[in-house]
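Enquirer: Okay, handing you the structure first.
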Amino acid sequence: MAHEKAKSGSLLIKGGRVIDPAAKLDAPMDVLLRDGRVAEVAPPNKIRSSADKTFDARGLVVAPGFIDLHVHLREPGQSYKESIATGTAAAAAGGFTSVCCMPNTSPVVDSPEWVAWIQQPERGAMINVFPIAAATHASKGAVITDFGALQRAGAVAVSDDGRPILSDAIMRETLRAASGLNLPVIQHAEDTRMTENCSMNDGPTSFRPRLARHEGCCGIVCGRARYTTRATIHRSADPRGPPFYCRCAESGAPRQARQGSCHVRSYPSPFQPDRR
Ligand SMILES: [Zn+2]
């Protein structure tokens, strides 16, 4: 992989603004890398060791590699849109060193073979790629996949992203099977029975008669869409359950989870704008 080449020798990154929240650092600093690892971080011009190469980072931010938990690489099946090589090259250009890719490709990544395929060197990934496998066959929400086999093949979580798991019975089965493996479950936080044919968020614009009648626009009522998140959290309210992640911008659902002591994390959704 291309980033393997950067793991030998030394590189001095000079004059950048180093931002590292874990180290509570936000200051002009020089950074010395040796054999792919950080060897020294010091105020400007204080590093005495020599380096094979120097990179002028004036005007740039120097930060630990970013991790994106939710990306859509279009392979397998849609390389005319994007390949794993081009998608990860774009991620690397933006500072990302690891991504978790969703399974709603064509075909859906619901087998160990496809999970392994994504990780093969032939895909040309520029950064770490951690596959998220489908929670149900073809992400149809009817029959759960073999989580153990998917995890052994390299899947780091399961999700039917793009579609929610709407069946209580299937979600319960999903959480139960995942908990034995400590495999995170990621729910697409949208009740598609209530958002069918909706193309914008509910509000004054979606009520404009011309839009509603002639353009076919219909507003998503956020409170209804988020119901899936709250209902799923309610079902997963077992502190011993697996990590459960969801896409929700509104604060009520994660707060509800914290009060129930269950193991829930959330990250923003593009279609739920109210953040009370
Ligand atoms: Zn997605």
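Chains: A, B, ... in order of the structure tokens. Residues: from 1 per chain. Ligands: from 1, in order shown.
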Around ligand 1, which protein and nucleic acid residues have at least one atom no more than 7 Å from it, if we count only C-alpha atoms and all ligand atoms? List them as a PyMOL selection string.
Expert: chain A and resi 70-72+102+161-162
Enquirer: For the strand (DSSP E or B) assignment from backbone DSSP, which residues of range 102-139 of chain A qualify? Please present them as a PyMOL selection string.
Expert: chain A and resi 128-133+136
Enquirer: What does the distance between CA of Pro21 in chain A and CA of Ile67 in chain A come to in Å, to one decimal place?
Expert: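 Separating CA of Pro21 in chain A from CA of Ile67 in chain A is a distance of 13.9 Å.
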Enquirer: For each of A:Ala39, A:Ile165, A:Leu183, A:Leu69, take the minimum atom-to-atom distance to Val143 in chain A, counting only C-alpha atoms, then give the residue where this is smallest.
Expert: A:Ile165
Enquirer: I need the residue nearest Ala134 in chain A from this list: A:Ser111, A:Ser50, A:Thr195, A:Ser8. Use only C-alpha atoms for the distance.
Expert: A:Ser111
Enquirer: Pick the closest to Arg123 in chain A from A:Arg74, A:Lys140, A:Lys24, A:Arg163: which is it, counting only C-alpha atoms?
Expert: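 Closest to Arg123 in chain A, using only C-alpha atoms: A:Arg74.
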Enquirer: If I take CA of Gly65 in chain A and CA of Asp20 in chain A, how far is one from the other in Å, to one decimal?
Expert: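 Taking CA of Gly65 in chain A as the start and CA of Asp20 in chain A as the end point, the length is 9.9 Å.
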Enquirer: Hey, what's within 12 Å of Lys46 in chain A if we count only C-alpha atoms and toss same-chain stuff fewer than 3 positions away? As JSON, numbers by chain, please?
Expert: {"A": [12, 14, 15, 28, 29, 30, 31, 32, 40, 41, 42, 43, 49, 50]}
Enquirer: Could the residues in this selection be saved with N, CA and C atoms as an mmCIF file, in the first residue's frame?
Expert:
```
data_model
loop_
_atom_site.group_PDB
_atom_site.id
_atom_site.type_symbol
_atom_site.label_atom_id
_atom_site.label_comp_id
_atom_site.auth_asym_id
_atom_site.auth_seq_id
_atom_site.Cartn_x
_atom_site.Cartn_y
_atom_site.Cartn_z
ATOM 1 N N LEU A 12 10.971 15.762 8.944
ATOM 2 C CA LEU A 12 10.730 16.873 9.863
ATOM 3 C C LEU A 12 9.637 17.767 9.271
ATOM 4 N N LYS A 14 7.915 21.097 9.566
ATOM 5 C CA LYS A 14 8.300 22.357 10.229
ATOM 6 C C LYS A 14 7.268 23.458 10.035
ATOM 7 N N GLY A 15 7.026 24.193 11.121
ATOM 8 C CA GLY A 15 6.285 25.450 11.003
ATOM 9 C C GLY A 15 4.779 25.323 10.972
ATOM 10 N N PRO A 28 1.958 26.450 17.462
ATOM 11 C CA PRO A 28 2.966 26.245 16.411
ATOM 12 C C PRO A 28 4.028 25.271 16.934
ATOM 13 N N MET A 29 4.275 24.223 16.201
ATOM 14 C CA MET A 29 5.221 23.193 16.648
ATOM 15 C C MET A 29 5.909 22.575 15.434
ATOM 16 N N ASP A 30 7.094 22.020 15.667
ATOM 17 C CA ASP A 30 7.734 21.168 14.673
ATOM 18 C C ASP A 30 7.536 19.719 15.113
ATOM 19 N N VAL A 31 7.403 18.837 14.140
ATOM 20 C CA VAL A 31 7.172 17.420 14.444
ATOM 21 C C VAL A 31 8.189 16.584 13.680
ATOM 22 N N LEU A 32 8.887 15.725 14.409
ATOM 23 C CA LEU A 32 9.848 14.823 13.772
ATOM 24 C C LEU A 32 9.251 13.421 13.723
ATOM 25 N N GLU A 40 9.416 13.177 17.980
ATOM 26 C CA GLU A 40 9.594 14.369 18.823
ATOM 27 C C GLU A 40 8.632 15.461 18.354
ATOM 28 N N VAL A 41 8.065 16.166 19.316
ATOM 29 C CA VAL A 41 7.240 17.347 19.028
ATOM 30 C C VAL A 41 7.800 18.475 19.888
ATOM 31 N N ALA A 42 8.150 19.590 19.271
ATOM 32 C CA ALA A 42 8.802 20.663 20.032
ATOM 33 C C ALA A 42 8.461 22.010 19.412
ATOM 34 N N PRO A 43 8.590 23.086 20.189
ATOM 35 C CA PRO A 43 8.358 24.429 19.641
ATOM 36 C C PRO A 43 9.264 24.672 18.432
ATOM 37 N N SER A 49 17.727 17.025 16.135
ATOM 38 C CA SER A 49 18.045 15.841 15.335
ATOM 39 C C SER A 49 17.895 16.172 13.853
ATOM 40 N N SER A 50 18.739 15.558 13.045
ATOM 41 C CA SER A 50 18.607 15.773 11.612
ATOM 42 C C SER A 50 17.558 14.824 11.036
#
```
Enquirer: What residues in range 128-192 of chain A get the DSSP label alpha helix (DSSP H)? Please answer as a VMD selection string.
Expert: chain A and resid 147 to 153 168 to 179 192
Enquirer: Near Arg34 in chain A, within 8 Å and counting only C-alpha atoms, which residues show up once chain neighbours fewer than 6 positions away are dropped, as a compact mmCIF listing (two decimals) with N, CA, C and O atoms, in the first residue's frame?
Expert:
```
# COMPACT_ATOMS: atom_id res chain seq x y z
N LYS A 7 6.91 4.70 5.80
CA LYS A 7 7.22 4.19 7.14
C LYS A 7 8.71 4.00 7.39
O LYS A 7 9.10 3.49 8.43
N SER A 8 9.59 4.36 6.46
CA SER A 8 11.01 4.25 6.74
C SER A 8 11.66 5.63 6.59
O SER A 8 11.16 6.49 5.88
N GLY A 9 12.76 5.84 7.30
CA GLY A 9 13.45 7.12 7.25
C GLY A 9 12.83 8.12 8.20
O GLY A 9 12.00 7.79 9.06
N SER A 10 13.26 9.37 8.06
CA SER A 10 12.77 10.40 8.98
C SER A 10 12.30 11.62 8.19
O SER A 10 12.76 11.90 7.09
N LEU A 11 11.35 12.31 8.78
CA LEU A 11 10.74 13.48 8.14
C LEU A 11 10.50 14.54 9.21
O LEU A 11 9.91 14.26 10.26
```
